[in-house]
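To keep things clear, I will list the structure first and then write my remarks on it.
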Amino acid sequence: MQERSREIYKVTLVGSVVNVALLLFKFVAGIVGHSAAMTADAIHSLSDFVTDIIVLVFIRISDKPRDKSHEYGHGKYETLAMTLIGVALVIVAAGILYSGATKVLLWLDGTELEAPGMLALWAALLSIVLKEGVYHYSMVKARQLNSQAVEANAWHHRSDALSSLGTAAGIGGAIFLGQRWTVLDPLASCVVGVVIVRVAANLLRNALGDLLEHSLPDAVEEEMLQLVASLPDVVEPHNLRTRRIGNHYAIELHIRMDGDITLREAHDKASEVEALLKKYYGKRTHIAVHVEPVKMKDER
């Protein structure tokens, strides 16, 4: 297994261990502490664990070298993993919102809701600390490894920390403000659902953009054109097309060169363009350079 894959597995396993410990504690705290918000938070942690499994499976696939069936490599599987994580978050959020809204409606209809216990509050506070720590650890590693899937998983950890923050506020209010405010517990679970929806929307927007061949940001494309134009005897790099393939780029562009040079000289210059772009954007960058002849005296 390559070094990058090992590091991604390590980061994901750290998050998985934390998720398993938290989801067990949260389920117990939610049931024993009679807290809808904590039960919702436990379900969120369970979804974290499931997405960890998705990342582990798809990273192994995406890191395979290109073959006859996948001549551009398997990088899109990492983007697919990010898409599945986003979809999983939407499903989780929908269930949490439905459950929380149902209890709020019962309260409005005059039903007395049971106040949560202190165990639920302690579980929420512990979750905030642990998941925020795992978020920062995962995000640092995601940037080092240039991994979309690890970054998506990092935001999933952050969403769990944020949901636990809302959970803690709702549980604390329901405990300390008296029976009239027990509705704060299911309201907090609804807040958790909204937070998860926002995170899922961001993940899905980025993932679908890559799956639908969205171009790289304008600033990145402009940087590429400037790099190519800096090479001697290369003029007017144009017709640039870019996209992401998992954690690396695909770049296609046209360049103009003196039409009187030999084919070998043109080939060597195109290879120089390719080497320069791979130096800046990684060895696995897919590059296609089309050379157009031009009379250099006409360019003066």
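Every chain in the structure tokens has a letter given in the order shown (A, B, ...), and although residue numbers restart at 1 in each chain, ligands are simply numbered from 1 in the order shown.
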Env of Val192 of chain A: 7 Å cut, atoms = only C-alpha atoms, seq-sep filter 3 positions within chain, self excluded. Answer as a list in words. Ser163, Gly166, Ala188, Ser189, Val195 and Ile196 of chain A
Please extract the residues of segment 136-288 of chain A with a backbone DSSP assignment of strand (DSSP E) and present them as a ChimeraX atom specification. /A:235-245,248-258,286-288
Restricting to only C-alpha atoms, whichever of A:Leu89, A:Leu126, A:Leu203, A:Leu253 is closest to Met224 of chain A is A:Leu253
Any idea what's packed within 8 Å of segment 13-28 of chain A, counting only C-alpha atoms, ignoring anything in its chain fewer than 2 positions away? Could you give it as a list in words? Tyr9, Lys10, Val11, Gly30, Ile31, Val32, Gly33, Met38, Thr39, Asp41, Ala42, Ile43, Ser45, Leu46, Asp48, Phe49, Asp52, Ala120, Ala123, Ala124, Ser127, Leu130, Lys131 and Val134 of chain A
Using DSSP on the backbone, list every residue of segment 108-259 of chain A that comes out as helix (DSSP H, G or I), and give them as number ranges by chain. A: 108, 118-145, 148-176, 179-181, 184-211, 218-229
Could you name the residues that touch Leu84 of chain A at 10 Å or less, counting only C-alpha atoms, but leaving out those on the same chain fewer than 3 positions away, as a VMD selection string? chain A and resid 51 54 to 55 78 to 81 87 to 90 200 203 to 204 207
What's around Gly172 of chain A at 9 Å? Count only C-alpha atoms, leave out sequence neighbours fewer than 2 positions away in its own chain, and write the answer as a PyMOL selection string. chain A and resi 116+118+121+167-170+174-177+184-185
Serialized selection, C-alpha atoms, as a PDB file, in the first residue's frame:
```pdb
ATOM      1  CA  PRO A 116     -33.316  14.988  30.029  1.00  0.00           C
ATOM      2  CA  MET A 118     -27.299  15.111  33.444  1.00  0.00           C
ATOM      3  CA  LEU A 121     -25.381  16.809  29.072  1.00  0.00           C
ATOM      4  CA  THR A 167     -27.401  19.523  21.784  1.00  0.00           C
ATOM      5  CA  ALA A 168     -25.604  20.686  24.936  1.00  0.00           C
ATOM      6  CA  ALA A 169     -27.437  24.019  24.836  1.00  0.00           C
ATOM      7  CA  GLY A 170     -30.829  22.360  24.426  1.00  0.00           C
ATOM      8  CA  ALA A 174     -34.252  21.714  29.450  1.00  0.00           C
ATOM      9  CA  ILE A 175     -32.505  20.624  32.669  1.00  0.00           C
ATOM     10  CA  PHE A 176     -31.885  23.949  34.375  1.00  0.00           C
ATOM     11  CA  LEU A 177     -34.831  26.101  33.218  1.00  0.00           C
ATOM     12  CA  LEU A 184     -35.611  22.883  24.185  1.00  0.00           C
ATOM     13  CA  ASP A 185     -34.365  19.301  23.949  1.00  0.00           C
TER      14      ASP A 185
END
```
Can you tell me, as a PDB file with all heavy atoms, in the first residue's frame, what residues are no more than 12 Å from Leu211 of chain A when counting only C-alpha atoms, ignoring any on the same chain fewer than 2 positions away?
```
ATOM      1  N   GLY A  75      -9.220   7.897  -9.669  1.00  0.00           N
ATOM      2  CA  GLY A  75      -9.407   9.003  -8.739  1.00  0.00           C
ATOM      3  C   GLY A  75     -10.845   9.393  -8.485  1.00  0.00           C
ATOM      4  O   GLY A  75     -11.188   9.892  -7.407  1.00  0.00           O
ATOM      5  N   LYS A  76     -11.728   9.170  -9.463  1.00  0.00           N
ATOM      6  CA  LYS A  76     -13.133   9.551  -9.299  1.00  0.00           C
ATOM      7  C   LYS A  76     -13.822   8.766  -8.185  1.00  0.00           C
ATOM      8  O   LYS A  76     -14.851   9.201  -7.670  1.00  0.00           O
ATOM      9  CB  LYS A  76     -13.891   9.341 -10.609  1.00  0.00           C
ATOM     10  CG  LYS A  76     -13.554  10.335 -11.711  1.00  0.00           C
ATOM     11  CD  LYS A  76     -14.082  11.719 -11.398  1.00  0.00           C
ATOM     12  CE  LYS A  76     -13.857  12.658 -12.570  1.00  0.00           C
ATOM     13  NZ  LYS A  76     -14.341  14.033 -12.297  1.00  0.00           N
ATOM     14  N   TYR A  77     -13.252   7.617  -7.825  1.00  0.00           N
ATOM     15  CA  TYR A  77     -13.861   6.853  -6.732  1.00  0.00           C
ATOM     16  C   TYR A  77     -13.779   7.637  -5.423  1.00  0.00           C
ATOM     17  O   TYR A  77     -14.649   7.507  -4.561  1.00  0.00           O
ATOM     18  CB  TYR A  77     -13.165   5.498  -6.578  1.00  0.00           C
ATOM     19  CG  TYR A  77     -13.591   4.482  -7.609  1.00  0.00           C
ATOM     20  CD1 TYR A  77     -12.869   4.304  -8.776  1.00  0.00           C
ATOM     21  CD2 TYR A  77     -14.733   3.711  -7.414  1.00  0.00           C
ATOM     22  CE1 TYR A  77     -13.258   3.372  -9.739  1.00  0.00           C
ATOM     23  CE2 TYR A  77     -15.132   2.778  -8.368  1.00  0.00           C
ATOM     24  CZ  TYR A  77     -14.394   2.612  -9.526  1.00  0.00           C
ATOM     25  OH  TYR A  77     -14.789   1.705 -10.465  1.00  0.00           O
ATOM     26  N   GLU A  78     -12.734   8.438  -5.259  1.00  0.00           N
ATOM     27  CA  GLU A  78     -12.619   9.265  -4.055  1.00  0.00           C
ATOM     28  C   GLU A  78     -13.713  10.338  -4.055  1.00  0.00           C
ATOM     29  O   GLU A  78     -14.311  10.638  -3.027  1.00  0.00           O
ATOM     30  CB  GLU A  78     -11.238   9.911  -3.985  1.00  0.00           C
ATOM     31  CG  GLU A  78     -10.956  10.607  -2.675  1.00  0.00           C
ATOM     32  CD  GLU A  78      -9.483  10.945  -2.489  1.00  0.00           C
ATOM     33  OE1 GLU A  78      -8.631  10.313  -3.138  1.00  0.00           O
ATOM     34  OE2 GLU A  78      -9.191  11.839  -1.677  1.00  0.00           O
ATOM     35  N   THR A  79     -13.972  10.913  -5.232  1.00  0.00           N
ATOM     36  CA  THR A  79     -15.055  11.886  -5.346  1.00  0.00           C
ATOM     37  C   THR A  79     -16.406  11.227  -5.098  1.00  0.00           C
ATOM     38  O   THR A  79     -17.298  11.810  -4.475  1.00  0.00           O
ATOM     39  CB  THR A  79     -15.049  12.524  -6.750  1.00  0.00           C
ATOM     40  OG1 THR A  79     -13.747  13.040  -7.033  1.00  0.00           O
ATOM     41  CG2 THR A  79     -16.055  13.660  -6.831  1.00  0.00           C
ATOM     42  N   LEU A  80     -16.562   9.993  -5.575  1.00  0.00           N
ATOM     43  CA  LEU A  80     -17.793   9.245  -5.324  1.00  0.00           C
ATOM     44  C   LEU A  80     -17.987   9.016  -3.826  1.00  0.00           C
ATOM     45  O   LEU A  80     -19.113   9.103  -3.317  1.00  0.00           O
ATOM     46  CB  LEU A  80     -17.751   7.903  -6.055  1.00  0.00           C
ATOM     47  CG  LEU A  80     -18.968   6.982  -5.873  1.00  0.00           C
ATOM     48  CD1 LEU A  80     -20.249   7.671  -6.331  1.00  0.00           C
ATOM     49  CD2 LEU A  80     -18.763   5.673  -6.634  1.00  0.00           C
ATOM     50  N   ALA A  81     -16.885   8.747  -3.117  1.00  0.00           N
ATOM     51  CA  ALA A  81     -16.963   8.576  -1.663  1.00  0.00           C
ATOM     52  C   ALA A  81     -17.491   9.842  -1.004  1.00  0.00           C
ATOM     53  O   ALA A  81     -18.343   9.782  -0.108  1.00  0.00           O
ATOM     54  CB  ALA A  81     -15.595   8.216  -1.098  1.00  0.00           C
ATOM     55  N   MET A  82     -16.996  10.994  -1.453  1.00  0.00           N
ATOM     56  CA  MET A  82     -17.459  12.261  -0.888  1.00  0.00           C
ATOM     57  C   MET A  82     -18.950  12.461  -1.177  1.00  0.00           C
ATOM     58  O   MET A  82     -19.701  12.968  -0.333  1.00  0.00           O
ATOM     59  CB  MET A  82     -16.651  13.420  -1.463  1.00  0.00           C
ATOM     60  CG  MET A  82     -16.948  14.765  -0.811  1.00  0.00           C
ATOM     61  SD  MET A  82     -15.723  16.037  -1.193  1.00  0.00           S
ATOM     62  CE  MET A  82     -15.985  16.262  -2.937  1.00  0.00           C
ATOM     63  N   THR A  83     -19.402  12.039  -2.354  1.00  0.00           N
ATOM     64  CA  THR A  83     -20.819  12.155  -2.703  1.00  0.00           C
ATOM     65  C   THR A  83     -21.679  11.285  -1.789  1.00  0.00           C
ATOM     66  O   THR A  83     -22.726  11.720  -1.291  1.00  0.00           O
ATOM     67  CB  THR A  83     -21.037  11.733  -4.166  1.00  0.00           C
ATOM     68  OG1 THR A  83     -20.193  12.511  -5.019  1.00  0.00           O
ATOM     69  CG2 THR A  83     -22.489  11.936  -4.568  1.00  0.00           C
ATOM     70  N   LEU A 204     -21.928  17.991  -1.192  1.00  0.00           N
ATOM     71  CA  LEU A 204     -22.528  17.539  -2.440  1.00  0.00           C
ATOM     72  C   LEU A 204     -22.257  18.521  -3.579  1.00  0.00           C
ATOM     73  O   LEU A 204     -22.049  18.102  -4.732  1.00  0.00           O
ATOM     74  CB  LEU A 204     -24.031  17.343  -2.259  1.00  0.00           C
ATOM     75  CG  LEU A 204     -24.428  16.116  -1.425  1.00  0.00           C
ATOM     76  CD1 LEU A 204     -25.929  16.125  -1.152  1.00  0.00           C
ATOM     77  CD2 LEU A 204     -24.036  14.835  -2.140  1.00  0.00           C
ATOM     78  N   ARG A 205     -22.246  19.812  -3.287  1.00  0.00           N
ATOM     79  CA  ARG A 205     -21.959  20.801  -4.326  1.00  0.00           C
ATOM     80  C   ARG A 205     -20.554  20.591  -4.897  1.00  0.00           C
ATOM     81  O   ARG A 205     -20.351  20.579  -6.122  1.00  0.00           O
ATOM     82  CB  ARG A 205     -22.085  22.217  -3.767  1.00  0.00           C
ATOM     83  CG  ARG A 205     -21.845  23.296  -4.829  1.00  0.00           C
ATOM     84  CD  ARG A 205     -22.092  24.694  -4.309  1.00  0.00           C
ATOM     85  NE  ARG A 205     -21.173  25.027  -3.237  1.00  0.00           N
ATOM     86  CZ  ARG A 205     -21.533  25.177  -1.972  1.00  0.00           C
ATOM     87  NH1 ARG A 205     -22.794  25.012  -1.626  1.00  0.00           N
ATOM     88  NH2 ARG A 205     -20.650  25.504  -1.055  1.00  0.00           N
ATOM     89  N   ASN A 206     -19.572  20.381  -4.014  1.00  0.00           N
ATOM     90  CA  ASN A 206     -18.194  20.171  -4.472  1.00  0.00           C
ATOM     91  C   ASN A 206     -18.040  18.831  -5.195  1.00  0.00           C
ATOM     92  O   ASN A 206     -17.391  18.744  -6.244  1.00  0.00           O
ATOM     93  CB  ASN A 206     -17.230  20.227  -3.288  1.00  0.00           C
ATOM     94  CG  ASN A 206     -17.152  21.598  -2.669  1.00  0.00           C
ATOM     95  OD1 ASN A 206     -17.380  22.612  -3.338  1.00  0.00           O
ATOM     96  ND2 ASN A 206     -16.834  21.671  -1.392  1.00  0.00           N
ATOM     97  N   ALA A 207     -18.630  17.786  -4.624  1.00  0.00           N
ATOM     98  CA  ALA A 207     -18.494  16.454  -5.210  1.00  0.00           C
ATOM     99  C   ALA A 207     -19.165  16.376  -6.574  1.00  0.00           C
ATOM    100  O   ALA A 207     -18.587  15.865  -7.538  1.00  0.00           O
ATOM    101  CB  ALA A 207     -19.084  15.406  -4.268  1.00  0.00           C
ATOM    102  N   LEU A 208     -20.393  16.889  -6.685  1.00  0.00           N
ATOM    103  CA  LEU A 208     -21.096  16.847  -7.956  1.00  0.00           C
ATOM    104  C   LEU A 208     -20.405  17.716  -9.002  1.00  0.00           C
ATOM    105  O   LEU A 208     -20.414  17.396 -10.193  1.00  0.00           O
ATOM    106  CB  LEU A 208     -22.552  17.287  -7.769  1.00  0.00           C
ATOM    107  CG  LEU A 208     -23.419  16.315  -6.955  1.00  0.00           C
ATOM    108  CD1 LEU A 208     -24.816  16.899  -6.741  1.00  0.00           C
ATOM    109  CD2 LEU A 208     -23.517  14.963  -7.656  1.00  0.00           C
ATOM    110  N   GLY A 209     -19.797  18.814  -8.551  1.00  0.00           N
ATOM    111  CA  GLY A 209     -19.034  19.654  -9.473  1.00  0.00           C
ATOM    112  C   GLY A 209     -17.900  18.877 -10.118  1.00  0.00           C
ATOM    113  O   GLY A 209     -17.661  18.969 -11.326  1.00  0.00           O
ATOM    114  N   GLU A 213     -17.468  17.271 -14.149  1.00  0.00           N
ATOM    115  CA  GLU A 213     -16.337  17.868 -14.875  1.00  0.00           C
ATOM    116  C   GLU A 213     -16.293  19.388 -14.752  1.00  0.00           C
ATOM    117  O   GLU A 213     -16.003  20.099 -15.714  1.00  0.00           O
ATOM    118  CB  GLU A 213     -16.376  17.473 -16.359  1.00  0.00           C
ATOM    119  CG  GLU A 213     -16.499  15.989 -16.611  1.00  0.00           C
ATOM    120  CD  GLU A 213     -15.268  15.209 -16.158  1.00  0.00           C
ATOM    121  OE1 GLU A 213     -14.209  15.818 -16.001  1.00  0.00           O
ATOM    122  OE2 GLU A 213     -15.378  13.996 -15.944  1.00  0.00           O
ATOM    123  N   HIS A 214     -16.575  19.903 -13.561  1.00  0.00           N
ATOM    124  CA  HIS A 214     -16.479  21.340 -13.329  1.00  0.00           C
ATOM    125  C   HIS A 214     -15.022  21.783 -13.464  1.00  0.00           C
ATOM    126  O   HIS A 214     -14.115  21.110 -12.995  1.00  0.00           O
ATOM    127  CB  HIS A 214     -17.009  21.675 -11.930  1.00  0.00           C
ATOM    128  CG  HIS A 214     -17.280  23.124 -11.729  1.00  0.00           C
ATOM    129  ND1 HIS A 214     -16.289  24.035 -11.448  1.00  0.00           N
ATOM    130  CD2 HIS A 214     -18.444  23.837 -11.778  1.00  0.00           C
ATOM    131  CE1 HIS A 214     -16.830  25.235 -11.308  1.00  0.00           C
ATOM    132  NE2 HIS A 214     -18.116  25.147 -11.510  1.00  0.00           N
ATOM    133  N   SER A 215     -14.803  22.931 -14.114  1.00  0.00           N
ATOM    134  CA  SER A 215     -13.442  23.434 -14.298  1.00  0.00           C
ATOM    135  C   SER A 215     -12.827  23.859 -12.970  1.00  0.00           C
ATOM    136  O   SER A 215     -13.544  24.159 -12.006  1.00  0.00           O
ATOM    137  CB  SER A 215     -13.449  24.628 -15.257  1.00  0.00           C
ATOM    138  OG  SER A 215     -13.975  24.265 -16.512  1.00  0.00           O
ATOM    139  N   ARG A 243      -9.966  19.982 -15.103  1.00  0.00           N
ATOM    140  CA  ARG A 243     -10.936  19.293 -14.252  1.00  0.00           C
ATOM    141  C   ARG A 243     -10.165  18.533 -13.182  1.00  0.00           C
ATOM    142  O   ARG A 243      -8.937  18.396 -13.268  1.00  0.00           O
ATOM    143  CB  ARG A 243     -11.804  18.325 -15.061  1.00  0.00           C
ATOM    144  CG  ARG A 243     -11.027  17.281 -15.828  1.00  0.00           C
ATOM    145  CD  ARG A 243     -11.894  16.611 -16.880  1.00  0.00           C
ATOM    146  NE  ARG A 243     -11.123  15.755 -17.770  1.00  0.00           N
ATOM    147  CZ  ARG A 243     -10.995  14.441 -17.654  1.00  0.00           C
ATOM    148  NH1 ARG A 243     -11.601  13.816 -16.643  1.00  0.00           N
ATOM    149  NH2 ARG A 243     -10.302  13.725 -18.498  1.00  0.00           N
ATOM    150  N   ARG A 244     -10.883  18.054 -12.196  1.00  0.00           N
ATOM    151  CA  ARG A 244     -10.284  17.224 -11.151  1.00  0.00           C
ATOM    152  C   ARG A 244     -10.594  15.760 -11.426  1.00  0.00           C
ATOM    153  O   ARG A 244     -11.684  15.417 -11.866  1.00  0.00           O
ATOM    154  CB  ARG A 244     -10.835  17.595  -9.770  1.00  0.00           C
ATOM    155  CG  ARG A 244     -10.336  18.901  -9.204  1.00  0.00           C
ATOM    156  CD  ARG A 244     -10.785  19.056  -7.761  1.00  0.00           C
ATOM    157  NE  ARG A 244     -10.121  18.104  -6.900  1.00  0.00           N
ATOM    158  CZ  ARG A 244      -9.132  18.415  -6.064  1.00  0.00           C
ATOM    159  NH1 ARG A 244      -8.704  19.653  -5.980  1.00  0.00           N
ATOM    160  NH2 ARG A 244      -8.584  17.498  -5.302  1.00  0.00           N
ATOM    161  N   ILE A 245      -9.617  14.913 -11.147  1.00  0.00           N
ATOM    162  CA  ILE A 245      -9.823  13.464 -11.157  1.00  0.00           C
ATOM    163  C   ILE A 245      -9.405  12.970  -9.779  1.00  0.00           C
ATOM    164  O   ILE A 245      -8.242  12.655  -9.531  1.00  0.00           O
ATOM    165  CB  ILE A 245      -8.991  12.767 -12.250  1.00  0.00           C
ATOM    166  CG1 ILE A 245      -9.291  13.359 -13.627  1.00  0.00           C
ATOM    167  CG2 ILE A 245      -9.279  11.268 -12.258  1.00  0.00           C
ATOM    168  CD1 ILE A 245      -8.463  12.768 -14.746  1.00  0.00           C
ATOM    169  N   GLY A 246     -10.362  12.952  -8.862  1.00  0.00           N
ATOM    170  CA  GLY A 246     -10.034  12.589  -7.486  1.00  0.00           C
ATOM    171  C   GLY A 246      -9.157  13.651  -6.851  1.00  0.00           C
ATOM    172  O   GLY A 246      -9.544  14.816  -6.747  1.00  0.00           O
TER     173      GLY A 246
END
```
One residue among A:Ala288, A:Val235, A:Val228, A:Ile85 is nearest to Val273 of chain A when using only C-alpha atoms, and that residue is A:Val228
If we count only C-alpha atoms and set the cut-off at 9 Å, which residues sit around Glu112 of chain A, ignoring sequence neighbours fewer than 6 positions away in its own chain? Please answer as a short mmCIF file (atom, residue, chain, number, x, y, z; two decimals) with N, CA and C atoms, in the first residue's frame.
```
data_model
loop_
_atom_site.label_atom_id
_atom_site.label_comp_id
_atom_site.auth_asym_id
_atom_site.auth_seq_id
_atom_site.Cartn_x
_atom_site.Cartn_y
_atom_site.Cartn_z
N LEU A 106 -46.03 17.76 19.50
CA LEU A 106 -46.71 17.16 20.65
C LEU A 106 -46.71 18.12 21.83
N GLN A 179 -39.60 22.59 33.85
CA GLN A 179 -40.49 21.79 33.01
C GLN A 179 -41.03 22.57 31.80
N ARG A 180 -41.24 23.86 31.97
CA ARG A 180 -41.78 24.66 30.87
C ARG A 180 -40.85 24.68 29.67
N THR A 182 -38.72 22.10 28.65
CA THR A 182 -38.26 20.79 28.19
C THR A 182 -38.31 20.68 26.66
N VAL A 183 -39.09 21.54 26.00
CA VAL A 183 -39.16 21.53 24.54
C VAL A 183 -37.81 21.90 23.91
#
```
Using Å and a single decimal, report how far atom CA of Gln148 of chain A sits from atom CA of Pro217 of chain A.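 According to the coordinates, atom CA of Pro217 of chain A and atom CA of Gln148 of chain A are separated by 15.7 Å.
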Atom CA of Ala275 of chain A and atom CA of Arg241 of chain A, how far apart in Å? 17.6 Å
Could you tell me how far atom CA of Ala149 of chain A lies from atom CA of Arg198 of chain A, in Å and to one decimal? 17.5 Å
